[in-house]
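Engineer: Got a structure for you, upload24.cif, holding mmCIF, C-alpha atoms and all ligand atoms.
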data_my_file
#
loop_
_atom_site.label_atom_id
_atom_site.label_comp_id
_atom_site.auth_asym_id
_atom_site.auth_seq_id
_atom_site.Cartn_x
_atom_site.Cartn_y
_atom_site.Cartn_z
CA MET I 1 56.80 0.77 -49.78
CA SER I 2 58.50 -2.34 -51.07
CA THR I 3 60.29 -4.36 -48.44
CA SER I 4 62.14 -6.85 -50.58
CA THR I 5 65.07 -4.57 -51.39
CA SER I 6 64.67 -1.96 -48.67
CA PRO I 7 67.00 -2.25 -45.70
CA GLY I 8 65.44 -4.98 -43.59
CA THR I 9 65.45 -5.51 -39.88
CA THR I 10 67.72 -8.55 -39.68
CA THR I 11 71.12 -7.35 -38.58
CA THR I 12 73.91 -9.66 -39.54
CA HIS I 13 76.74 -7.60 -40.93
CA GLY I 14 76.84 -4.49 -38.81
CA GLY I 15 73.75 -3.02 -40.40
CA HIS I 16 71.00 -4.54 -42.46
CA VAL I 17 71.06 -7.88 -44.13
CA ASP I 18 71.23 -6.46 -47.64
CA ARG I 19 73.81 -3.75 -46.95
CA ILE I 20 77.56 -4.08 -46.60
CA PHE I 21 80.31 -1.96 -45.01
CA ASN I 22 81.01 0.92 -47.35
CA PHE I 23 84.49 2.41 -46.87
CA SER I 24 84.14 4.68 -49.91
CA ALA I 25 85.80 8.11 -49.72
CA GLY I 26 82.76 9.76 -51.25
CA PRO I 27 80.00 9.50 -52.11
CA ALA I 28 80.03 7.65 -48.84
CA ALA I 29 77.96 5.96 -46.16
CA LEU I 30 75.01 7.99 -44.90
CA PRO I 31 72.97 7.35 -41.74
CA GLU I 32 70.70 4.40 -42.51
CA GLU I 33 67.67 5.88 -40.76
CA ILE I 34 68.00 9.00 -42.91
CA ILE I 35 68.10 6.94 -46.10
CA GLN I 36 64.96 5.14 -44.97
CA LYS I 37 63.21 8.41 -44.16
CA ALA I 38 64.25 9.83 -47.54
CA GLN I 39 62.66 6.83 -49.24
CA GLN I 40 59.35 7.87 -47.72
CA ASP I 41 59.82 11.57 -48.44
CA ILE I 42 60.67 10.83 -52.06
CA TRP I 43 57.18 9.36 -52.26
CA ASN I 44 55.29 12.00 -50.28
CA ILE I 45 56.84 14.70 -48.12
CA HIS I 46 55.04 16.44 -45.25
CA GLY I 47 51.75 14.86 -46.34
CA SER I 48 51.76 17.04 -49.48
CA GLY I 49 51.03 14.14 -51.83
CA ILE I 50 54.19 15.05 -53.77
CA GLY I 51 57.72 13.74 -53.25
CA ILE I 52 60.73 15.91 -52.43
CA LEU I 53 62.23 15.31 -55.90
CA GLU I 54 59.11 16.71 -57.56
CA HIS I 55 58.39 19.84 -55.53
CA SER I 56 58.93 23.28 -57.00
CA HIS I 57 61.91 25.06 -55.50
CA ARG I 58 59.70 28.14 -55.07
CA GLY I 59 56.78 26.39 -53.37
CA PRO I 60 55.90 26.34 -49.67
CA VAL I 61 57.09 22.77 -49.10
CA PHE I 62 60.58 23.53 -50.34
CA ASP I 63 60.51 26.87 -48.47
CA ARG I 64 60.16 24.77 -45.35
CA VAL I 65 62.84 22.24 -46.38
CA LEU I 66 65.36 25.02 -47.05
CA ALA I 67 64.54 26.95 -43.87
CA GLU I 68 64.79 23.78 -41.80
CA ALA I 69 68.13 22.81 -43.38
CA GLU I 70 69.58 26.22 -42.55
CA GLU I 71 68.16 26.15 -39.05
CA ALA I 72 69.53 22.64 -38.43
CA CYS I 73 72.91 23.75 -39.76
CA ARG I 74 72.96 26.62 -37.26
CA ARG I 75 71.85 24.33 -34.44
CA VAL I 76 74.53 21.73 -35.06
CA SER I 77 77.33 24.23 -35.69
CA GLY I 78 76.31 26.94 -33.24
CA LEU I 79 76.93 29.54 -35.98
CA GLY I 80 75.37 32.91 -35.30
CA ASP I 81 73.64 35.44 -37.53
CA ASP I 82 76.97 36.95 -38.47
CA TRP I 83 77.46 33.91 -40.73
CA GLU I 84 75.84 33.36 -44.10
CA ILE I 85 74.86 29.77 -44.86
CA LEU I 86 74.71 28.91 -48.56
CA PHE I 87 74.03 25.77 -50.54
CA ILE I 88 75.81 26.00 -53.89
CA GLN I 89 75.98 23.58 -56.81
CA GLY I 90 79.16 22.24 -58.33
CA GLY I 91 80.71 20.55 -55.31
CA ALA I 92 83.86 21.66 -53.56
CA THR I 93 85.73 22.02 -56.85
CA THR I 94 83.53 24.95 -57.81
CA GLN I 95 84.46 26.51 -54.47
CA PHE I 96 88.14 26.13 -55.39
CA ALA I 97 87.43 28.68 -58.13
CA MET I 98 84.76 30.79 -56.45
CA MET I 99 86.85 31.67 -53.40
CA PRO I 100 89.64 33.33 -55.41
CA MET I 101 87.18 34.73 -57.96
CA ASN I 102 85.38 36.57 -55.19
CA PHE I 103 88.15 37.34 -52.72
CA LEU I 104 91.51 37.41 -54.52
CA PRO I 105 92.20 40.70 -56.34
CA ALA I 106 94.19 40.29 -59.58
CA ASP I 107 97.14 42.13 -58.01
CA GLY I 108 96.76 40.41 -54.64
CA THR I 109 98.35 37.30 -53.18
CA ALA I 110 96.70 34.44 -51.35
CA ASP I 111 98.56 31.95 -49.18
CA TYR I 112 97.80 28.28 -49.79
CA LEU I 113 98.98 25.17 -47.99
CA ASP I 114 99.63 22.34 -50.40
CA THR I 115 98.85 19.43 -48.10
CA GLY I 116 97.33 16.94 -50.51
CA VAL I 117 95.75 16.14 -53.83
CA TRP I 118 92.72 18.38 -53.30
CA ALA I 119 94.68 21.25 -51.79
CA HIS I 120 96.96 21.04 -54.83
CA LYS I 121 93.95 21.33 -57.12
CA SER I 122 92.64 24.32 -55.21
CA ILE I 123 95.97 26.08 -55.85
CA ALA I 124 95.76 25.45 -59.59
CA GLU I 125 92.28 27.00 -59.64
CA ALA I 126 93.33 30.06 -57.64
CA ARG I 127 96.17 30.76 -60.07
CA HIS I 128 93.58 31.65 -62.70
CA PHE I 129 92.67 34.75 -60.69
CA GLY I 130 95.69 36.10 -58.84
CA ASN I 131 99.04 35.31 -57.25
CA VAL I 132 99.37 32.27 -55.07
CA ASN I 133 102.06 31.83 -52.49
CA VAL I 134 102.46 28.13 -51.71
CA ALA I 135 103.15 28.64 -48.03
CA PHE I 136 103.84 24.94 -47.52
CA ASP I 137 104.77 22.47 -50.26
CA GLY I 138 103.75 18.98 -49.17
CA THR I 139 104.85 17.38 -52.44
CA GLN I 140 108.33 17.33 -50.90
CA CYS I 141 107.28 14.85 -48.19
CA ASN I 142 104.72 12.96 -50.24
CA TYR I 143 101.98 14.61 -48.19
CA ASP I 144 102.77 12.49 -45.15
CA HIS I 145 102.03 15.27 -42.65
CA VAL I 146 100.46 18.67 -42.26
CA PRO I 147 102.85 21.51 -41.42
CA GLY I 148 103.54 23.05 -38.04
CA SER I 149 103.88 26.84 -37.93
CA ASP I 150 107.67 26.61 -38.40
CA GLU I 151 107.10 25.06 -41.84
CA ILE I 152 104.70 27.72 -43.12
CA ASN I 153 105.96 30.78 -45.01
CA GLN I 154 103.19 33.33 -44.98
CA THR I 155 102.79 36.48 -47.03
CA GLU I 156 102.29 39.69 -45.12
CA GLY I 157 98.97 41.24 -46.06
CA ALA I 158 97.72 38.20 -48.00
CA ALA I 159 94.14 38.48 -49.27
CA TYR I 160 93.47 35.23 -47.42
CA PHE I 161 95.09 32.02 -46.20
CA HIS I 162 93.58 28.81 -47.58
CA TYR I 163 94.01 25.31 -46.15
CA CYS I 164 92.31 21.94 -46.25
CA SER I 165 91.58 20.69 -42.74
CA ASN I 166 91.42 16.99 -43.64
CA ASN I 167 93.27 15.57 -46.60
CA THR I 168 91.12 12.79 -47.98
CA VAL I 169 93.65 11.04 -50.20
CA PHE I 170 96.69 10.61 -47.93
CA GLY I 171 94.67 10.65 -44.71
CA THR I 172 96.13 13.59 -42.81
CA ARG I 173 94.44 16.33 -40.83
CA PHE I 174 95.18 19.48 -38.90
CA GLU I 175 94.55 18.77 -35.26
CA ASN I 176 94.79 22.50 -34.64
CA ILE I 177 93.90 25.36 -36.93
CA PRO I 178 97.06 26.81 -38.49
CA ASP I 179 98.10 30.25 -37.25
CA SER I 180 97.65 33.07 -39.71
CA ASP I 181 97.18 36.82 -39.58
CA SER I 182 95.25 36.72 -42.86
CA PRO I 183 91.57 35.80 -43.21
CA LEU I 184 91.33 32.01 -42.99
CA ILE I 185 89.48 29.98 -45.61
CA CYS I 186 89.10 26.27 -45.09
CA ASP I 187 88.09 23.31 -47.26
CA THR I 188 86.53 20.93 -44.74
CA SER I 189 84.96 18.61 -47.32
CA SER I 190 86.06 15.33 -45.79
CA GLU I 191 85.44 16.14 -42.14
CA MET I 192 82.65 18.73 -42.04
CA PHE I 193 80.75 18.31 -38.78
CA GLY I 194 83.02 15.43 -37.78
CA ARG I 195 84.31 17.34 -34.77
CA PRO I 196 83.81 20.67 -33.02
CA PHE I 197 85.44 23.46 -35.00
CA ASP I 198 86.45 27.00 -34.13
CA TRP I 199 84.33 28.62 -36.85
CA ASP I 200 85.04 32.14 -35.68
CA ARG I 201 88.74 31.86 -36.43
CA HIS I 202 87.67 31.59 -40.08
CA CYS I 203 86.11 33.86 -42.70
CA ALA I 204 84.91 31.18 -45.07
CA ILE I 205 84.45 27.43 -44.80
CA TYR I 206 83.17 25.06 -47.44
CA ALA I 207 82.54 21.38 -47.91
CA GLY I 208 81.35 19.17 -50.74
CA ALA I 209 78.43 17.27 -49.24
CA GLN I 210 79.16 13.74 -50.35
CA LYS I 211 81.26 12.60 -47.39
CA ASN I 212 79.69 13.68 -44.14
CA LEU I 213 76.62 15.62 -45.21
CA GLY I 214 74.59 14.20 -48.07
CA PRO I 215 74.65 13.46 -51.80
CA SER I 216 77.25 14.75 -54.24
CA GLY I 217 76.95 17.87 -56.38
CA VAL I 218 76.26 20.46 -53.72
CA ALA I 219 78.54 22.29 -51.31
CA LEU I 220 77.77 23.81 -47.96
CA VAL I 221 79.39 27.25 -47.88
CA LEU I 222 79.70 29.26 -44.68
CA LEU I 223 80.72 32.89 -45.04
CA LYS I 224 81.38 35.41 -42.30
CA LYS I 225 79.16 38.31 -43.34
CA ASP I 226 81.70 41.09 -42.85
CA PHE I 227 84.17 39.17 -45.02
CA ALA I 228 81.55 38.29 -47.64
CA GLU I 229 80.74 42.00 -48.00
CA GLN I 230 84.25 42.59 -49.30
CA GLY I 231 83.73 40.13 -52.17
CA ARG I 232 83.35 41.11 -55.80
CA THR I 233 79.90 41.81 -57.13
CA ASP I 234 80.79 42.17 -60.83
CA LEU I 235 80.89 38.45 -61.55
CA PRO I 236 78.62 36.13 -63.52
CA SER I 237 75.81 35.47 -61.08
CA MET I 238 76.37 31.75 -60.47
CA PHE I 239 79.94 32.50 -59.37
CA CYS I 240 79.13 35.45 -57.16
CA TYR I 241 78.53 34.88 -53.45
CA ALA I 242 76.73 38.20 -53.08
CA ARG I 243 74.15 37.03 -55.65
CA HIS I 244 73.71 33.67 -53.96
CA SER I 245 73.27 35.37 -50.59
CA LYS I 246 70.76 37.86 -51.93
CA ALA I 247 68.78 35.02 -53.50
CA GLY I 248 68.95 32.88 -50.34
CA SER I 249 70.56 29.92 -52.16
CA ARG I 250 67.82 30.07 -54.83
CA LEU I 251 69.50 32.03 -57.57
CA ASN I 252 68.41 29.37 -60.02
CA THR I 253 66.88 25.93 -59.43
CA PRO I 254 68.94 24.73 -56.48
CA PRO I 255 69.87 21.10 -55.75
CA THR I 256 66.66 20.56 -53.82
CA PHE I 257 67.23 16.94 -52.89
CA GLY I 258 70.79 17.60 -51.74
CA ILE I 259 69.57 20.43 -49.50
CA TYR I 260 66.80 18.22 -48.13
CA MET I 261 69.31 15.45 -47.33
CA MET I 262 71.73 17.82 -45.66
CA GLY I 263 68.95 19.09 -43.43
CA GLN I 264 68.12 15.53 -42.41
CA VAL I 265 71.77 14.70 -41.76
CA PHE I 266 72.30 17.88 -39.68
CA ASN I 267 69.33 16.86 -37.53
CA TRP I 268 70.71 13.35 -37.22
CA ILE I 269 74.06 14.70 -36.00
CA HIS I 270 72.27 16.86 -33.47
CA GLU I 271 70.15 13.97 -32.20
CA GLN I 272 73.23 11.74 -31.86
CA GLY I 273 74.80 14.26 -29.48
CA GLY I 274 76.27 16.84 -31.82
CA LEU I 275 79.82 17.51 -32.86
CA THR I 276 81.40 16.48 -29.56
CA GLU I 277 79.82 13.06 -29.84
CA MET I 278 80.85 12.80 -33.51
CA GLU I 279 84.43 13.52 -32.49
CA ARG I 280 84.33 10.93 -29.71
CA ARG I 281 83.01 8.26 -32.07
CA ASN I 282 85.36 9.15 -34.91
CA SER I 283 88.37 9.14 -32.63
CA GLU I 284 87.46 5.69 -31.29
CA LYS I 285 86.64 4.28 -34.71
CA SER I 286 89.89 5.45 -36.26
CA SER I 287 91.98 4.18 -33.32
CA ILE I 288 90.63 0.68 -33.88
CA ILE I 289 92.19 0.66 -37.37
CA TYR I 290 95.34 2.59 -36.43
CA ASP I 291 95.92 0.04 -33.63
CA ALA I 292 95.71 -2.76 -36.17
CA ILE I 293 98.38 -0.96 -38.25
CA ASP I 294 100.63 -0.24 -35.28
CA THR I 295 100.50 -3.74 -33.85
CA SER I 296 101.10 -5.51 -37.17
CA GLY I 297 104.88 -5.71 -36.70
CA GLY I 298 105.45 -3.63 -39.85
CA PHE I 299 103.16 -5.63 -42.15
CA TYR I 300 100.97 -2.53 -42.53
CA THR I 301 102.57 0.90 -42.92
CA GLY I 302 100.53 4.06 -42.37
CA LEU I 303 100.87 6.71 -45.09
CA ALA I 304 100.44 9.56 -42.60
CA GLN I 305 102.82 10.49 -39.81
CA GLU I 306 101.23 9.74 -36.45
CA SER I 307 100.82 13.37 -35.40
CA SER I 308 98.84 14.14 -38.57
CA ARG I 309 96.58 11.10 -38.68
CA SER I 310 93.07 11.72 -39.96
CA HIS I 311 90.07 10.39 -38.07
CA MET I 312 88.09 10.17 -41.31
CA ASN I 313 90.40 8.56 -43.86
CA VAL I 314 92.82 5.91 -42.62
CA SER I 315 95.45 5.15 -45.24
CA PHE I 316 98.05 2.39 -45.21
CA ARG I 317 99.89 0.01 -47.45
CA LEU I 318 101.00 -3.60 -47.38
CA PRO I 319 104.49 -4.87 -48.21
CA THR I 320 103.75 -5.18 -51.95
CA GLU I 321 101.20 -3.81 -54.43
CA GLU I 322 100.17 -7.36 -55.18
CA LEU I 323 99.24 -7.82 -51.51
CA ASP I 324 97.37 -4.49 -51.58
CA ASP I 325 95.26 -5.82 -54.43
CA ARG I 326 94.66 -9.17 -52.78
CA PHE I 327 93.67 -7.42 -49.55
CA VAL I 328 91.06 -5.31 -51.37
CA GLU I 329 89.71 -8.33 -53.22
CA GLU I 330 89.44 -10.55 -50.15
CA ALA I 331 87.95 -7.75 -48.05
CA ALA I 332 85.27 -7.29 -50.71
CA ALA I 333 84.42 -10.96 -50.42
CA GLU I 334 83.92 -10.30 -46.68
CA LYS I 335 81.44 -7.52 -47.52
CA MET I 336 83.86 -4.61 -47.04
CA ASP I 337 83.77 -2.37 -50.09
CA GLY I 338 85.65 0.72 -51.24
CA LEU I 339 89.01 0.03 -49.61
CA LYS I 340 91.26 0.60 -52.60
CA GLY I 341 93.48 3.64 -52.06
CA HIS I 342 93.21 6.72 -54.29
CA ARG I 343 95.13 6.35 -57.57
CA ASP I 344 97.61 9.06 -56.46
CA ALA I 345 98.43 7.39 -53.16
CA GLY I 346 98.04 3.66 -53.79
CA GLY I 347 97.64 1.22 -50.92
CA ILE I 348 94.47 0.98 -48.89
CA ARG I 349 92.18 3.72 -47.64
CA ALA I 350 89.37 3.19 -45.16
CA SER I 351 87.03 6.17 -45.13
CA ILE I 352 84.99 6.12 -41.97
CA TYR I 353 82.89 9.27 -41.85
CA ASN I 354 80.28 10.13 -39.21
CA ALA I 355 77.70 7.62 -40.42
CA PHE I 356 80.13 4.74 -40.80
CA PRO I 357 79.50 2.22 -38.00
CA ARG I 358 82.04 1.25 -35.38
CA GLU I 359 81.35 -2.45 -36.14
CA GLY I 360 82.75 -1.87 -39.64
CA CYS I 361 86.04 -0.67 -38.14
CA GLU I 362 86.14 -3.69 -35.83
CA CYS I 363 85.42 -5.98 -38.75
CA LEU I 364 88.23 -4.41 -40.80
CA ALA I 365 90.71 -4.55 -37.91
CA SER I 366 90.04 -8.23 -37.31
CA PHE I 367 90.33 -8.93 -41.05
CA MET I 368 93.67 -7.05 -41.08
CA LYS I 369 95.02 -9.24 -38.27
CA GLU I 370 93.88 -12.43 -39.94
CA PHE I 371 95.21 -11.34 -43.37
CA ALA I 372 98.60 -10.40 -41.91
CA ALA I 373 98.85 -13.74 -40.10
CA ARG I 374 98.20 -15.57 -43.39
CA ASN I 375 100.45 -13.43 -45.58
CA GLY I 376 103.12 -11.99 -43.29
C1 LIG X 1 89.11 17.64 -49.31
C2 LIG X 1 88.38 17.64 -50.61
N1 LIG X 1 88.18 18.80 -51.24
C3 LIG X 1 87.53 18.86 -52.42
C4 LIG X 1 87.04 17.73 -53.01
C5 LIG X 1 86.31 17.85 -54.34
O1 LIG X 1 84.96 17.72 -54.13
P1 LIG X 1 83.90 17.71 -55.33
O2 LIG X 1 84.08 16.41 -56.03
O3 LIG X 1 82.60 17.86 -54.61
O4 LIG X 1 84.18 18.86 -56.22
C6 LIG X 1 87.20 16.50 -52.40
C7 LIG X 1 86.65 15.27 -53.03
O5 LIG X 1 86.90 14.17 -52.65
C8 LIG X 1 87.89 16.46 -51.17
O6 LIG X 1 88.10 15.29 -50.54
#
Just dump the structure as structure tokens.

Structural biologist:
Amino acid sequence: MSTSTSPGTTTTHGGHVDRIFNFSAGPAALPEEIIQKAQQDIWNIHGSGIGILEHSHRGPVFDRVLAEAEEACRRVSGLGDDWEILFIQGGATTQFAMMPMNFLPADGTADYLDTGVWAHKSIAEARHFGNVNVAFDGTQCNYDHVPGSDEINQTEGAAYFHYCSNNTVFGTRFENIPDSDSPLICDTSSEMFGRPFDWDRHCAIYAGAQKNLGPSGVALVLLKKDFAEQGRTDLPSMFCYARHSKAGSRLNTPPTFGIYMMGQVFNWIHEQGGLTEMERRNSEKSSIIYDAIDTSGGFYTGLAQESSRSHMNVSFRLPTEELDDRFVEEAAAEKMDGLKGHRDAGGIRASIYNAFPREGCECLASFMKEFAARNG
């Protein structure tokens, strides 16, 4: 393998000499050792003489890759056999449509919490298939917090209750799972496997891979089997969970590389100490940046209320948009990329998923202090 552009061994800027701190919201930083291993497996996986990108999805090598990915997913999550694990193309946005298509009868109602840009989009998709009750409307508070139970207006007998556990754009999260009597469905795209989760309170959980799990284009979908059995079966096959389950995630040519990468990342999480360790690291990493906001004497303002602060996406703004822009530009010159806030929120957003190193958070916090001292 070439060494000139591969990650080297000299560590100068947190990681390798030719890599920089990547604060992108997704696709996002992946564990460096997994990227290096993938480079080898793209060339020749399991001594087969063929790379992972080139193997048939029906051959024995991919059989093994898929089985190992599912097994690693069960190991890291602790999910039992009463859960179906599926890898489905089309990212989380396809899941926005598939969940109602499969589980929302045309005359039924589903409860949705509108807690951010992505939750809002999931509502628009569900409306194609049935009635949606917006049980919390976060547009009223500019998505600065997630609701407590006193702010949620549920429907009795709803087909399901959908929420997004971590809101990527404004940087809020549910510390606790919202209370609901209806089957819970959760979009965990931007914090999947970032902390222990009470899976069994849910009926369906999904996540686009490109933040904490792997490359873009594929979603991890977890379905409680007894709930999945109630889903529609008279749908076009690519949109029907029952068909995907029956085909074991190989209804058509699946995203083989994405599944391979997820398997590797699940193993990495397990080897690092699992979800408890991920939570410990993510909590520490995010506090480093939140401390820099809170001790800035008002120079930096967090977009999220303190009680709703995300450990994955830290969002804040400076006193003016011009300073926001200068901050992003100067941070880039210091090898910190991807800090510009989402177009709907403005400001700055530091996305610091599982694989993002603590040194990057320290580097950003010290840059924030220095920038505020120069411009405050
Ligand atoms: C919470 C959340 N849900 C859904 C999506 C959409 O994911 P995809 O682009 O994979 O469709 C995103 C993307 O950033 C997200 O952050």

Engineer: Nearest to ligand LIG 1 (chain X) among I:Ser189, I:Asn131, I:Ser351, I:Thr155, with distances taken over all atoms listed in the file: which residue is it?

Structural biologist: I:Ser189

Engineer: Around ligand LIG 1 (chain X), out to 10 Å and counting all atoms listed in the file, which residues are there? I want them as a PyMOL selection string.

Structural biologist: chain I and resi 25-27+89-96+115-122+163-169+171+186-192+206-211+215-219+313+342

Engineer: One decimal, in Å: what's the spacing between atom CA of Thr172 of chain I and atom CA of Phe129 of chain I?

Structural biologist: 27.9 Å

Engineer: Which residue gives the smallest distance to Arg309 of chain I among I:Ala29, I:Leu213, I:Leu113, I:Val146, with only C-alpha atoms counted?

Structural biologist: I:Val146

Engineer: Could you make a table, as a tab-separated table, of the residues of segment 33-145 of chain I that have an atom within 12 Å of an atom of segment 221-240 of chain I, each with its nearest atom pair and distance in Å to one decimal, counting all atoms listed in the file, in chain and number order?

Structural biologist:
residue	atom	partner	partner_atom	distance
I:Glu70	CA	I:Leu222	CA	10.8
I:Cys73	CA	I:Leu222	CA	10.0
I:Arg74	CA	I:Leu222	CA	10.4
I:Ser77	CA	I:Leu222	CA	10.6
I:Leu79	CA	I:Leu222	CA	9.1
I:Gly80	CA	I:Lys224	CA	9.6
I:Asp81	CA	I:Lys225	CA	8.5
I:Asp82	CA	I:Lys225	CA	5.5
I:Trp83	CA	I:Lys224	CA	4.5
I:Glu84	CA	I:Leu223	CA	5.0
I:Ile85	CA	I:Leu222	CA	4.9
I:Leu86	CA	I:Val221	CA	5.0
I:Phe87	CA	I:Val221	CA	6.2
I:Ile88	CA	I:Val221	CA	7.1
I:Gln89	CA	I:Met238	CA	9.0
I:Gly90	CA	I:Met238	CA	10.1
I:Gly91	CA	I:Val221	CA	10.1
I:Ala92	CA	I:Val221	CA	9.1
I:Thr94	CA	I:Phe239	CA	8.5
I:Gln95	CA	I:Val221	CA	8.3
I:Phe96	CA	I:Phe239	CA	11.1
I:Ala97	CA	I:Phe239	CA	8.5
I:Met98	CA	I:Phe239	CA	5.9
I:Met99	CA	I:Gly231	CA	9.1
I:Pro100	CA	I:Gly231	CA	9.6
I:Met101	CA	I:Phe239	CA	7.7
I:Asn102	CA	I:Gly231	CA	5.0
I:Phe103	CA	I:Gly231	CA	5.3
I:Leu104	CA	I:Gly231	CA	8.6
I:Pro105	CA	I:Arg232	CA	8.9
I:Ala106	CA	I:Arg232	CA	11.5

Engineer: Could you please determine the separation between atom CA of Asp137 of chain I and atom CA of Ile348 of chain I in Å, to one decimal place?

Structural biologist: 23.9 Å

Engineer: One number please: atom CA of Gly51 of chain I to atom CA of Gln264 of chain I, in Å, one decimal.

Structural biologist: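 Result for atom CA of Gly51 of chain I versus atom CA of Gln264 of chain I: 15.1 Å, one decimal.
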
Engineer: Find, counting all atoms listed in the file, the residue in I:Leu220, I:Glu306, I:Ile35, I:Ser315 that gets nearest to Pro255 of chain I.

Structural biologist: I:Leu220

Engineer: Out of I:Arg19, I:Lys37, I:His311, I:Arg75, which residue has the shortest atom-to-atom distance to Asn267 of chain I when counting only C-alpha atoms?

Structural biologist: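 Checking each of I:Arg19, I:Lys37, I:His311, I:Arg75 against Asn267 of chain I, counting only C-alpha atoms, the winner is I:Arg75.
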
Engineer: Could you check the closest approach to Glu151 of chain I for each of I:Leu323, I:Asp114, I:Arg250, I:Ala373 and tell me which residue wins, using only C-alpha atoms?

Structural biologist: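 When distances to Glu151 of chain I are compared using only C-alpha atoms, the smallest one comes from I:Asp114.
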
Engineer: Go through I:Ala204, I:Ala350, I:Ala126, I:Ile259 and flag the residue nearest Arg317 of chain I, using only C-alpha atoms for the distances.

Structural biologist: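 For Arg317 of chain I, the nearest of the given residues is I:Ala350.
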
Engineer: Contacts between segment 284-287 of chain I and segment 349-374 of chain I, please, where a residue of segment 349-374 of chain I counts if it comes within 8 Å (with only C-alpha atoms); show its shortest atom pair and distance in Å to one decimal, rows by chain and ascending number, as JSON lines.

Structural biologist:
{"residue": "I:Ile352", "atom": "CA", "partner": "I:Ser286", "partner_atom": "CA", "distance": 7.6}
{"residue": "I:Arg358", "atom": "CA", "partner": "I:Lys285", "partner_atom": "CA", "distance": 5.5}
{"residue": "I:Cys361", "atom": "CA", "partner": "I:Lys285", "partner_atom": "CA", "distance": 6.1}

Engineer: Find the residues around Gly274 of chain I up to 12 Å (all atoms listed in the file counted), leave out those fewer than 2 positions away in its own chain, and share them as a PyMOL selection string.

Structural biologist: chain I and resi 72-78+193-197+265-272+276-281+354
